[in-house]
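input-v2.csv follows; it contains CSV, C-alpha atoms.
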chain,number,residue,atom,x,y,z
Q,1,MET,CA,0.0,0.0,0.0
Q,2,PRO,CA,1.4,3.5,-0.9
Q,3,ARG,CA,2.2,5.7,2.1
Q,4,PHE,CA,1.7,9.5,2.0
Q,5,VAL,CA,2.4,12.4,4.4
Q,6,TYR,CA,0.0,15.4,4.3
Q,7,THR,CA,-0.2,18.7,6.1
Q,8,ALA,CA,-3.8,18.9,7.2
Q,9,PHE,CA,-6.4,20.3,9.5
Q,10,VAL,CA,-8.7,17.8,11.3
Q,11,LEU,CA,-12.3,18.9,10.5
Q,12,LYS,CA,-14.1,16.1,12.3
Q,13,SER,CA,-13.7,12.7,13.9
Q,14,SER,CA,-16.5,10.3,14.7
Q,15,TYR,CA,-16.7,6.8,16.2
Q,16,VAL,CA,-17.0,3.8,13.8
Q,17,PHE,CA,-17.2,0.2,14.9
Q,18,GLU,CA,-16.1,-0.2,18.6
Q,19,ILE,CA,-12.5,1.0,18.6
Q,20,ASP,CA,-12.0,3.0,15.5
Q,21,ARG,CA,-12.7,6.5,14.3
Q,22,GLU,CA,-13.5,8.0,11.0
Q,23,VAL,CA,-11.4,11.2,10.6
Q,24,ILE,CA,-12.1,13.9,8.0
Q,25,LEU,CA,-9.0,15.9,7.1
Q,26,PHE,CA,-8.6,19.1,5.1
Q,27,THR,CA,-5.2,18.5,3.5
Q,28,LYS,CA,-3.1,21.1,1.7
Q,29,GLU,CA,-2.1,18.6,-1.0
Q,30,ARG,CA,-5.4,16.8,-1.8
Q,31,GLY,CA,-8.2,18.8,-0.2
Q,32,LYS,CA,-10.8,17.0,1.9
Q,33,LEU,CA,-10.0,13.3,2.7
Q,34,THR,CA,-11.7,10.8,4.9
Q,35,ALA,CA,-9.5,8.2,6.6
Q,36,LEU,CA,-10.0,5.4,9.2
Q,37,GLY,CA,-8.1,5.9,12.4
Q,38,ARG,CA,-7.7,2.4,13.7
Q,39,GLY,CA,-7.7,2.3,17.5
Q,40,GLY,CA,-8.8,6.0,17.6
Q,41,ALA,CA,-11.7,5.2,19.9
Q,42,LYS,CA,-9.8,3.2,22.5
Q,43,VAL,CA,-9.0,4.6,26.0
Q,44,PRO,CA,-6.4,5.9,26.0
Q,45,ASN,CA,-6.8,7.1,22.4
Q,46,ARG,CA,-3.6,6.5,20.4
Q,47,PHE,CA,-4.0,9.8,18.5
Q,48,GLY,CA,-4.6,11.8,21.6
Q,49,SER,CA,-5.6,15.4,21.2
Q,50,ALA,CA,-4.7,15.4,17.5
Q,51,LEU,CA,-8.3,14.5,16.7
Q,52,GLU,CA,-9.6,17.8,18.0
Q,53,PRO,CA,-11.2,19.9,15.3
Q,54,PHE,CA,-9.0,22.5,13.7
Q,55,THR,CA,-5.8,20.9,15.0
Q,56,LYS,CA,-3.1,21.3,12.4
Q,57,VAL,CA,-1.3,18.0,11.9
Q,58,GLU,CA,1.2,16.1,9.8
Q,59,ALA,CA,-0.8,13.1,8.8
Q,60,THR,CA,0.8,9.8,7.7
Q,61,VAL,CA,-1.7,7.9,5.6
Q,62,TRP,CA,-1.8,4.5,4.0
Q,63,GLU,CA,-3.8,4.1,0.8
Q,64,SER,CA,-5.1,0.7,-0.3
Q,65,TRP,CA,-5.3,-0.2,-3.9
Q,66,LYS,CA,-9.0,0.1,-3.6
Q,67,GLY,CA,-8.7,3.7,-2.6
Q,68,GLY,CA,-9.4,3.4,1.2
Q,69,LEU,CA,-7.3,5.5,3.5
Q,70,THR,CA,-6.0,4.5,6.9
Q,71,LEU,CA,-4.3,6.9,9.4
Q,72,GLU,CA,-1.0,5.7,10.7
Q,73,ILE,CA,0.3,8.7,12.6
Q,74,LEU,CA,-0.9,12.2,13.4
Q,75,GLU,CA,1.8,14.6,14.5
Q,76,ILE,CA,0.4,17.9,16.0
Q,77,LEU,CA,1.8,21.0,14.4
Q,78,ARG,CA,-0.6,23.4,16.1
Q,79,PRO,CA,-3.3,22.3,18.6
Q,80,GLY,CA,-7.0,23.1,18.0
Q,81,TYR,CA,-8.1,22.4,21.6
Q,82,PRO,CA,-7.4,25.9,22.9
Q,83,LEU,CA,-9.8,27.4,20.3
Q,84,MET,CA,-12.5,24.8,20.5
Q,85,ALA,CA,-12.5,24.8,24.3
Q,86,ASP,CA,-13.1,28.6,24.5
Q,87,PRO,CA,-16.9,29.1,24.8
Q,88,SER,CA,-16.6,32.5,23.2
Q,89,LEU,CA,-15.0,31.1,20.1
Q,90,TYR,CA,-16.7,27.7,19.8
Q,91,PRO,CA,-20.0,28.9,18.2
Q,92,TYR,CA,-18.2,30.7,15.4
Q,93,LEU,CA,-15.8,27.8,14.8
Q,94,SER,CA,-18.7,25.3,14.7
Q,95,VAL,CA,-20.3,27.3,11.8
Q,96,ILE,CA,-17.0,27.4,9.9
Q,97,GLN,CA,-16.5,23.7,10.5
Q,98,GLU,CA,-20.0,22.7,9.2
Q,99,VAL,CA,-19.7,24.9,6.1
Q,100,LEU,CA,-16.3,23.3,5.3
Q,101,LEU,CA,-17.6,19.8,5.8
Q,102,LEU,CA,-20.6,20.4,3.5
Q,103,LEU,CA,-18.9,22.5,0.9
Q,104,LEU,CA,-15.4,21.1,0.3
Q,105,PRO,CA,-15.3,18.4,-2.4
Q,106,GLU,CA,-13.6,15.1,-1.7
Q,107,ASN,CA,-10.0,14.7,-2.9
Q,108,LEU,CA,-9.7,18.0,-4.8
Q,109,PRO,CA,-6.9,20.4,-3.8
Q,110,ARG,CA,-8.0,23.8,-2.3
Q,111,GLU,CA,-4.5,25.1,-1.5
Q,112,LYS,CA,-5.5,28.8,-1.4
Q,113,LEU,CA,-8.3,28.1,1.0
Q,114,PHE,CA,-6.0,25.9,3.1
Q,115,HIS,CA,-3.6,28.7,3.5
Q,116,LEU,CA,-6.4,31.2,4.3
Q,117,LEU,CA,-7.7,28.8,7.0
Q,118,ASP,CA,-4.2,28.5,8.4
Q,119,ALA,CA,-3.7,32.2,8.7
Q,120,ALA,CA,-7.2,32.8,10.1
Q,121,LEU,CA,-6.9,30.3,12.9
Q,122,GLU,CA,-3.6,31.8,14.0
Q,123,VAL,CA,-5.4,35.1,14.8
Q,124,PHE,CA,-8.9,33.8,15.5
Q,125,SER,CA,-8.9,34.5,19.2
Q,126,ARG,CA,-8.0,38.2,18.6
Q,127,ALA,CA,-11.2,38.9,16.6
Q,128,PRO,CA,-13.5,35.9,16.2
Q,129,LEU,CA,-16.4,37.8,14.6
Q,130,ALA,CA,-14.2,39.5,12.0
Q,131,VAL,CA,-12.2,36.4,11.2
Q,132,SER,CA,-15.4,34.3,10.9
Q,133,CYS,CA,-17.0,36.8,8.5
Q,134,TYR,CA,-13.8,36.9,6.4
Q,135,LEU,CA,-13.5,33.1,6.3
Q,136,LEU,CA,-17.2,32.6,5.4
Q,137,PHE,CA,-17.0,35.1,2.7
Q,138,TRP,CA,-13.9,33.6,1.0
Q,139,ILE,CA,-15.0,30.0,1.5
Q,140,LEU,CA,-18.2,30.7,-0.4
Q,141,LYS,CA,-16.5,32.9,-3.0
Q,142,MET,CA,-13.7,30.4,-3.7
Q,143,GLU,CA,-16.3,27.7,-4.2
Q,144,GLY,CA,-18.0,29.8,-6.9
Q,145,PHE,CA,-20.9,31.3,-5.1
Q,146,PRO,CA,-21.8,35.0,-6.0
Q,147,VAL,CA,-21.6,36.0,-2.4
Q,148,GLU,CA,-20.7,39.7,-3.0
Q,149,ARG,CA,-24.0,40.7,-4.5
Q,150,GLY,CA,-25.8,43.1,-2.2
Q,151,LEU,CA,-23.4,42.4,0.6
Q,152,PRO,CA,-22.9,45.3,3.1
Q,153,LEU,CA,-19.2,46.3,3.6
Q,154,ARG,CA,-18.1,44.1,0.7
Q,155,GLU,CA,-15.2,46.4,-0.1
Q,156,PHE,CA,-13.6,45.4,3.2
Q,157,PHE,CA,-13.2,41.8,2.1
Q,158,ARG,CA,-10.6,43.0,-0.4
Q,159,LEU,CA,-8.3,43.9,2.5
Q,160,PRO,CA,-5.7,41.5,3.7
Q,161,LEU,CA,-6.8,39.6,6.8
Q,162,SER,CA,-4.4,41.5,9.0
Q,163,ARG,CA,-6.1,44.7,8.1
Q,164,PHE,CA,-9.6,43.4,8.0
Q,165,ILE,CA,-9.6,42.3,11.7
Q,166,ARG,CA,-8.9,45.8,12.7
Q,167,LYS,CA,-12.2,47.0,11.3
Q,168,LYS,CA,-15.3,47.2,13.4
Q,169,ILE,CA,-17.5,44.4,12.0
Q,170,PRO,CA,-21.2,44.2,12.9
Q,171,LEU,CA,-22.7,40.9,14.1
Q,172,SER,CA,-25.4,41.4,11.4
Q,173,LEU,CA,-22.7,40.7,8.7
Q,174,PHE,CA,-22.0,37.2,10.1
Q,175,ILE,CA,-25.8,36.5,10.2
Q,176,ASN,CA,-26.1,37.7,6.6
Q,177,LEU,CA,-23.3,35.4,5.5
Q,178,GLY,CA,-24.7,32.5,7.5
Q,179,GLU,CA,-28.1,32.9,5.8
Q,180,ARG,CA,-26.4,33.1,2.4
Q,181,ALA,CA,-24.4,29.9,3.1
Q,182,GLN,CA,-27.7,28.1,3.9
Q,183,ASN,CA,-29.3,29.4,0.7
Q,184,PHE,CA,-26.3,28.3,-1.4
Q,185,LEU,CA,-26.1,24.9,0.2
Q,186,GLU,CA,-30.0,24.6,0.1
Q,187,GLN,CA,-30.1,23.2,3.6
Q,188,LYS,CA,-30.2,24.4,7.2
Q,189,LEU,CA,-26.9,24.7,9.0
Q,190,GLN,CA,-27.3,23.2,12.5
Q,191,ALA,CA,-24.4,25.1,14.0
Q,192,PHE,CA,-25.7,28.4,12.5
Q,193,LEU,CA,-29.2,27.8,14.0
Q,194,GLN,CA,-27.6,27.0,17.4
Q,195,PHE,CA,-25.6,30.2,17.1
Q,196,LYS,CA,-28.8,32.3,16.6
Q,197,ILE,CA,-30.5,30.5,19.5
Q,198,LEU,CA,-27.5,31.4,21.8
Q,199,LEU,CA,-27.7,35.0,20.4
Q,200,LYS,CA,-31.3,35.3,21.5
Q,201,ILE,CA,-30.6,33.8,24.9
Q,202,GLY,CA,-27.9,36.3,25.5
Q,203,GLN,CA,-30.0,39.3,24.6

Mind converting the file's structure to structure tokens?
Amino acid sequence: MPRFVYTAFVLKSSYVFEIDREVILFTKERGKLTALGRGGAKVPNRFGSALEPFTKVEATVWESWKGGLTLEILEILRPGYPLMADPSLYPYLSVIQEVLLLLLPENLPREKLFHLLDAALEVFSRAPLAVSCYLLFWILKMEGFPVERGLPLREFFRLPLSRFIRKKIPLSLFINLGERAQNFLEQKLQAFLQFKILLKIGQ
């Protein structure tokens, strides 16, 4: 079986069978990939915190001749746990996670989007609302959706991320982008619906 090493972000992991996990990776080299992490559901878990969403990893993967992928090693390059464990960041990250899972095609490179996500996660805690808006806008645009039409503050999205996060971004812009994402995907985003529920509770 061929062996490959990819730079990737963990998007999601879920239990399969009794001791294994299915792991969805967003790789720089091949886009979204789904691999089986054997023993990933055992206690202790042999992959440890590397299975946390938005953890940047170096993933060693075996590919069978039939096309199935098996994870051998996940080396953490930047942990995702500090972001996902922060209750002020988690609602935004959950929306980004769900959009990526639904929108990214399997096994097709998206290198520009990978680098954007990498840069965004590094500064996410500094300005979660602004970074989330920036990510949602460019994820949709890079996947071919006409997201700019009628969008307030659309000229700001032409700024580099480092300058964009210094702008005062209204919460209504994130809601606008979330609604557009649902329309483009033609389905409700559970994370976005939960975000709006939390927003109402907090008012």

Open item on the list: Could you check the closest approach to Ile73 in chain Q for each of Q:Phe26, Q:Phe195, Q:Phe47, Q:Phe114 and tell me which residue wins, using all atoms listed in the file?
Closed with: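 Of Q:Phe26, Q:Phe195, Q:Phe47, Q:Phe114, the one nearest Ile73 in chain Q is Q:Phe47, counting all atoms listed in the file.
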
TODO: List the neighbours of Asn107 in chain Q out to 10 Å using all atoms listed in the file; skip same-chain residues closer than 4 positions along the sequence, and give me the result as a list in words.
DONE: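 Skipping anything fewer than 4 positions along the chain leaves Phe26, Thr27, Glu29, Arg30, Gly31, Lys32, Leu33 and Thr34 of chain Q.
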
- [ ] Work out how far CA of Leu121 in chain Q is from CA of Leu74 in chain Q, in Å to one decimal.
- [x]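 Separation between CA of Leu74 in chain Q and CA of Leu121 in chain Q: 19.1 Å.
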
Task: Counting all atoms listed in the file, the residue of Q:Ile96, Q:Arg166, Q:Ser172, Q:Gly48 that sits nearest Leu136 in chain Q - done: Q:Ile96

- [ ] May I have the residues within 9 Å of Glu98 in chain Q as a ChimeraX atom specification, using all atoms listed in the file and disregarding those fewer than 6 positions away in the same chain?
- [x] /Q:11,189-192

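Our summary of the geometry notes that CA of Leu108 in chain Q is positioned 16.1 Å from CA of Glu63 in chain Q.
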
- [ ] Could you check which of Q:Leu102, Q:Ala59, Q:Ile139, Q:Val95 is closest to Leu185 in chain Q, using all atoms listed in the file?
- [x]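 Checking each candidate against Leu185 in chain Q, we get Q:Leu102 as the closest.
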
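Comparing the minimum interatomic distances between Tyr92 in chain Q and each of Q:Pro170, Q:Gly178, Q:Gly68, Q:Gly144, counting only C-alpha atoms, we find that Q:Gly178 sits nearest.
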
TODO: Please provide the set of residues having any atom within 10 Å of Ile169 in chain Q, restricted to all atoms listed in the file, with same-chain residues fewer than 5 positions apart removed, written as a list in words.
DONE: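 Near neighbours after the sequence-gap exclusion: Ala127, Leu129, Ala130, Val131, Cys133, Leu153, Phe156, Phe164 and Phe174 of chain Q.
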
Open item on the list: Excluding Leu198 in chain Q and its own-chain neighbours fewer than 2 positions away, which residues fall within 12 Å of it when counting all atoms listed in the file? Please give them as a ChimeraX atom specification.
Closed with: /Q:87-88,90-92,191-196,200-203
